[in-house]
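Before any comments, here is the structure.
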Amino acid sequence: MSNIPETGRTRRVTIRLVVLQILVLSLLATLGGRLWYLQIRNAKEYTAKATGNHIREVVEPSVRGEILDASGRVLAGNETRLVVSVSRTSLLQQKDGGKAVLARLADVLGMPAKDVQEKVRLCDAKTPQPCWNGSPYQPIPVTKDATTQQAMQIMERREDFPGITAQPTALRRYTGAEGANMAQVLGYLSPVTDDEVSKTADKSGLDRYLPADQIGRAGLESVYDRDLRGTAGVTKLEVDNLGRVIGTAGTVAPQTGNNLVTSIDARVQKVVEDNLAQAMADARNTFDKVTNRNYEADSGAAVVMDVHTGRIIAMASAPTYDPNLWVGGISGKDYQTLTGKDSNFPLLNRAIQGQSAPGSTFKVVSTTAAVQAGYSLDGHYDCPKSMTIGGREFKNFESENFGQISLEKALEVSCDTVFYGLAYDQWMKDGGIKPKKDPGDWFFKTAHEFGLGAKTGIDLPSEVPGRVPDRQWKQSFYDNNKDAWCAQAQKGGNSFSDQIARENCVDGYQMRAGDAVNFAIGQGDTLVTPVQMARIYSALANGGTFYRPTIAKAVISPSGDLVREIAPHEDAKFPGDQKLLSYIDQATAGVITSGTAAWKFAGAGWPQNKIELHAKTGTAEVEGKQTTSWLTTYSKDYAVVMTISQGGTGSGGSGDAVRRIYQSLYGVDDKGNIDNGKALLPAPQAELPKFNPDGTAIIKPASYTVDQATGAVLQAPVPFDAASAQSGPALAATFLDPMPPADGQAPYTAADAALEPNRGPGRGRS
Amino acid sequence: MTSYGSYRQLRLSPQRTGVSKALAKDSPLWRLDWILLLAALALSLGSSLLVWSATRGRDNLTHGDPQYFLYRHLTNVVVGLVLCAVVIAIGSRRFRTIVPFFYAGVMLLLMATLSPLGSTINGAHSWIQLGGGFSVQPAEFAKLAILLSMAVVLADQVDAGEREFPSHRAVFRGLIWACVPMGLVLLMPDAGSVMVMSAIVLGILLGSGAANRWVVGLLVVGVGGSVAVWKLGLLSQYQIDRFAAFANPQLDPNGVGYNTAQARIAIGSGGLTGKGLFHGTQTVGQFVPEQQTDFVFTVAGEELGFVGALAIIALVGVILWRACRIARQATDLYGTIVSAGIIAWLSFQAFENIGMCLGIMPVAGIPLPFVSYGGSSMFAVWIGIGLLQAVRSQRPIAA
């Protein structure tokens, strides 16, 4: 054999071939390893990326649930509008990018073609408004007010309008049922912001905000947003590398939100709103002899509460606004009108966000405090025309002197000096200016027990707590303001406020005699909200239970089934005994028959022997402003509280309005005749409304129109002629609209106002 | 194996004709490497599904017929099989004699490509349009021409029994034969094919038993040339971008890194068993460019998952394993050199192509043998299979 082997290979070649084979094998092994790394080890990461690559979500908004009144009347509902939308994905598939279609669409809608094109272009850094800010896969609305005819034209000629839809779409509508406005209670919606969408992107269900969502921002819309909102439908579109839609990866249909049944009665609400507005209009026509000008009556609030449950039957706040301004996005101009400096802030719900000194309406608290502190209900207390406390003279109104009177009488005639005396006595017992270690502080303690200085927990957002100016508050207030006071004191001015600043700089943290006695008559630094007072007077009416105020009664599914009930919640009990309660009951009834409110109730024909009312008036003084009118009342079933800022005296400013609210509730005419058929709500409505299978409420064919019409006849100061008496609604409107000044002025002359004892200079150094 | 004597007798016996001759124990069919053949066939036929899936929705390419690429790919496979059979029928020894004609033909095609007859696709002037939607990429055949001509030149003296190893002169001459077509392809410019050809040359030098200094020298020239090209700025911007995207996978996923990022997403999202044929979201959504040709592996990765993609690598492995076996058992050095060249060729292309889909190699326009859509590539690799089979069925000359 030669050295050339038969196979044609030498040893060197064989070795090299083996090397080549090993090299090839290792290369293949490398590929296999890398494949494992990508597909097995990192599969999750790449699956997520692939999903993000090719899935786009299109959101179909859900229909928001309705807010209903106690009988099922729609307070906040939905209105169907014809919305014409353009699908960009479809436009892009057309040869000219949809230009011809858009031009035809503009023609049908009667809009300039340019406007339509601008509305459907996408926003970016270089594109100014108008442009579409949402997802390019979301149909872009061109108009929300298409007529039926326009919609028909578009839908009948589908071949001419590829990618254009004209669909009935639900928009929020605040119905103003029965004429009730309720703007602040209902609240409003606004679209979610990009920020909210991206912040909740990794959540699911109701926690996740979708780009087309409208969110409740105030009032019930905000608190019960999760119940009302429903869940939006999501269609997952598969798209290709150019964003063209190539398929659907699943659709979840939108789910209508649940309905919210409230305890509001729209008819009562309307009466309360109108009477509040009327009372304020009247006040503006009433001369204030203290400031020598008419009352400003800049704002006011009224609450009607069911005393047995704490449920709100009506809640009004003035000034108010049209909640429909928010629907479909509020305009910049409207927003300015609602929130600007000169707006007087109609967005505020003054029934829960307006706070002021309660004046004499606070005396039920003081009376309870005095009894708690050990003063006898049977005792007689001196009611001189004035008292000098801490070197300052505290007077009764008009310097009246009632001599020795009982606490009941003191409440009824609202004798300040009796309460000054009691509070001063207690203050001295607690150590006076140098308080003992564990002072009784009965007045402050009792105020806290009545729920003052704390939120009531009503189911509305942004409630304010008010203020009980106790020792603790004095100290923290001093710590916060000491520097400012001392700076003012340094300047050495001689005005009243300079003197106060000087005193405060030195010992502003002290609970002085003046502070203590001012608190006893609801003056000084005391602040309460109308809903707090309604809660207190409800407790007096129901035998001593403090309920948490609520507006919502139940959540009802779209098909009318009960989802959950919002039960009344007992918060606390009246700190005194039943004897004290009936004592206060008697005293507050006396206010109606012979006390400070008599001229507006017993004296104005109220049938007190048939329907017993209880009241306490309050006229709170505010530094630099006119007096605040307070009227807190209750019957067997209802507590009605009204307050008007710079509105005059308690009974003078609010007396007529509150009486008329009771008249409407119980069907009482001006002469005191009771007609149950005309009563709007002789007893609170306990049951939930019944629902049709389609989810709409069955509303009893109430005779409310007749009620209102006759109510109007009853209430109207001038008799109407027969013709207008027959046309109910027109009459109702006459009554419910603010009365002409000439009619309203008569009962409110300065002379009449004098019947209501005004508070003396009982002012703290606030 | 039977003895040579009986072989001769059987061949000459007159009664053996037709079917009985074809099925006889000593017929060439028995001597074929069926494992190699079936592996290549499985890859070619299986890949038709991948090509189909990748092109079904690409209306701009398919002229509205979703099966357009499926049919054409299958046609390519059939033509490839015919070419393979022809090469086997010619036989290794006889084919060796016609290599000069093959070489000359390829050179003519290459020059025609560079002339106005050629056309430009994707920036490379490397195609000849034949009309009817058919086109030829002569660079694919140039790989064969280099392989064969070098094998002839290097094995000449050794197979004649004059030398144990190819002489320096023979190696030098072989390199000249290789450089001419490489230069022409570089002019197109088709750097990817030149890289494949360099790999082939390296494989041949290894398999021929040429002196170590040649092997080392070629490596030095390769590395030095690469550095020079880089330093002298001879690379186009797109080539620099490809390297940049390779070096940093996170780079600009919407720009230069788009291809590789999308390819990785497609493969990675396939998981163990894939999303199912025709159900790959990346594939259906056409997120991966050039998916029926250079990135066809991503279809397998996404729709057939780890199992399917690994099967492709395994089949490539089987082909290369059989090719190594044939190289070792070849009866002459010519056969060994041809086999080694084919191993280098297929393994380099497979590694580069799959590696680029997996993000461990930079992007280059190199098809995956037997799998990527493309007639010229398919024909060339099947001719390669034919050459391997011919080498295997070649009987040694009687000593």
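Letters for chains follow the order of the structure tokens (A, B, ...), residue numbers begin at 1 for each chain, and ligand numbers begin at 1 in the order shown.
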Every residue of segment 195-318 of chain B that DSSP places in helix (DSSP H, G or I), as a VMD selection string: chain B and resid 195 to 208 212 to 231 237 to 247 258 to 268 281 to 284 296 to 318
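Near Leu175 of chain B, within 10 Å and counting only C-alpha atoms, sit Ile146, Ser149, Met150, Val153, Leu154, Arg169, Ala170, Val171, Phe172, Arg173, Trp177, Ala178, Cys179, Val180, Val201 and Leu205 of chain B; same-chain residues fewer than 2 positions away were not included.
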Output for the residues just chosen: C-alpha atoms as a compact mmCIF listing (two decimals), in the first residue's frame:
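Final file, out-v2.txt:
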```txt
# COMPACT_ATOMS: atom_id res chain seq x y z
CA ILE B 146 -15.94 28.00 -5.80
CA SER B 149 -13.29 24.36 -8.66
CA MET B 150 -11.18 24.41 -5.51
CA VAL B 153 -7.60 21.93 -8.17
CA LEU B 154 -6.62 20.84 -4.65
CA ARG B 169 1.03 25.92 -5.73
CA ALA B 170 -2.22 23.98 -5.92
CA VAL B 171 -3.63 25.81 -2.89
CA PHE B 172 -2.61 29.11 -4.40
CA ARG B 173 -4.25 28.27 -7.69
CA TRP B 177 -10.22 30.31 -8.65
CA ALA B 178 -12.17 31.23 -5.53
CA CYS B 179 -11.25 34.89 -5.50
CA VAL B 180 -12.52 35.75 -8.95
CA VAL B 201 -12.88 28.37 1.43
CA LEU B 205 -8.60 24.31 3.25
```
Option closest in space to chain A, from B:Ile383, B:Leu315, B:Leu206, B:Ala245 [counting only C-alpha atoms]: B:Leu206
Chain B contacts on chain A, only C-alpha atoms, 8 Å, as JSON, numbers by chain: {"A": [3, 4, 6, 7, 8, 9, 10, 12, 13, 14, 16, 17, 20, 21, 24, 25, 27, 28, 31, 32, 34, 35, 36, 38, 39, 40, 42, 43, 44, 45, 46, 47, 48, 49, 50, 51, 53, 54, 238, 239, 240, 241, 246]}
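When the distance limit is 12 Å and only C-alpha atoms are what count, the residues near Asn122 of chain B, minus those fewer than 2 positions from it on the same chain, are Ser119, Thr120, Ala124, His125, Ser126, Trp127, Met188, Pro189, Asp190, Tyr238, Glu290, Ala364 and Gly365 of chain B.
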Could you dump the residues just selected with N, CA and C atoms as a PDB file, in the first residue's frame?
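Generated file (part-v9.pdb):
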```pdb
ATOM      1  N   SER B 119     -30.552  43.091 -11.978  1.00  0.00           N
ATOM      2  CA  SER B 119     -31.435  44.075 -11.343  1.00  0.00           C
ATOM      3  C   SER B 119     -31.135  44.143  -9.850  1.00  0.00           C
ATOM      4  N   THR B 120     -31.588  45.223  -9.271  1.00  0.00           N
ATOM      5  CA  THR B 120     -31.247  45.500  -7.883  1.00  0.00           C
ATOM      6  C   THR B 120     -32.427  45.213  -6.966  1.00  0.00           C
ATOM      7  N   ALA B 124     -28.781  45.426  -3.410  1.00  0.00           N
ATOM      8  CA  ALA B 124     -27.720  44.627  -4.012  1.00  0.00           C
ATOM      9  C   ALA B 124     -28.089  44.316  -5.472  1.00  0.00           C
ATOM     10  N   HIS B 125     -27.108  44.561  -6.322  1.00  0.00           N
ATOM     11  CA  HIS B 125     -27.335  44.332  -7.750  1.00  0.00           C
ATOM     12  C   HIS B 125     -26.977  42.884  -8.046  1.00  0.00           C
ATOM     13  N   SER B 126     -27.816  41.951  -7.495  1.00  0.00           N
ATOM     14  CA  SER B 126     -27.374  40.561  -7.541  1.00  0.00           C
ATOM     15  C   SER B 126     -28.441  39.635  -8.116  1.00  0.00           C
ATOM     16  N   TRP B 127     -29.301  40.172  -8.940  1.00  0.00           N
ATOM     17  CA  TRP B 127     -30.381  39.355  -9.450  1.00  0.00           C
ATOM     18  C   TRP B 127     -30.452  39.459 -10.970  1.00  0.00           C
ATOM     19  N   MET B 188     -21.285  43.533  -6.270  1.00  0.00           N
ATOM     20  CA  MET B 188     -22.738  43.694  -6.458  1.00  0.00           C
ATOM     21  C   MET B 188     -23.407  44.761  -5.583  1.00  0.00           C
ATOM     22  N   PRO B 189     -23.145  45.049  -4.369  1.00  0.00           N
ATOM     23  CA  PRO B 189     -22.309  44.321  -3.423  1.00  0.00           C
ATOM     24  C   PRO B 189     -23.172  43.387  -2.598  1.00  0.00           C
ATOM     25  N   ASP B 190     -22.647  42.179  -2.363  1.00  0.00           N
ATOM     26  CA  ASP B 190     -23.368  41.227  -1.546  1.00  0.00           C
ATOM     27  C   ASP B 190     -22.392  40.646  -0.534  1.00  0.00           C
ATOM     28  N   TYR B 238     -26.053  51.227   6.707  1.00  0.00           N
ATOM     29  CA  TYR B 238     -26.965  50.188   7.178  1.00  0.00           C
ATOM     30  C   TYR B 238     -26.210  49.034   7.814  1.00  0.00           C
ATOM     31  N   GLU B 290     -39.305  40.709   6.054  1.00  0.00           N
ATOM     32  CA  GLU B 290     -38.576  39.655   5.337  1.00  0.00           C
ATOM     33  C   GLU B 290     -38.794  38.303   5.985  1.00  0.00           C
ATOM     34  N   ALA B 364     -27.596  39.806   8.677  1.00  0.00           N
ATOM     35  CA  ALA B 364     -27.015  39.746   7.341  1.00  0.00           C
ATOM     36  C   ALA B 364     -28.021  39.040   6.444  1.00  0.00           C
ATOM     37  N   GLY B 365     -28.067  39.418   5.185  1.00  0.00           N
ATOM     38  CA  GLY B 365     -29.068  38.857   4.280  1.00  0.00           C
ATOM     39  C   GLY B 365     -28.684  37.477   3.795  1.00  0.00           C
TER      40      GLY B 365
END
```
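Between atom CA of Asn673 of chain A and atom CA of Lys610 of chain A lies a distance of 9.7 Å.
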Residues within 8 Å of Arg322 of chain B, only C-alpha atoms, excluding chain neighbours under 4 positions, as a PyMOL selection string: chain B and resi 33+35-36+318+326
Exercise: Lys114 of chain A partners within 10 Å, only C-alpha atoms, chain neighbours under 4 positions left out, as a PyMOL selection string: chain A and resi 102-103+106+118-119
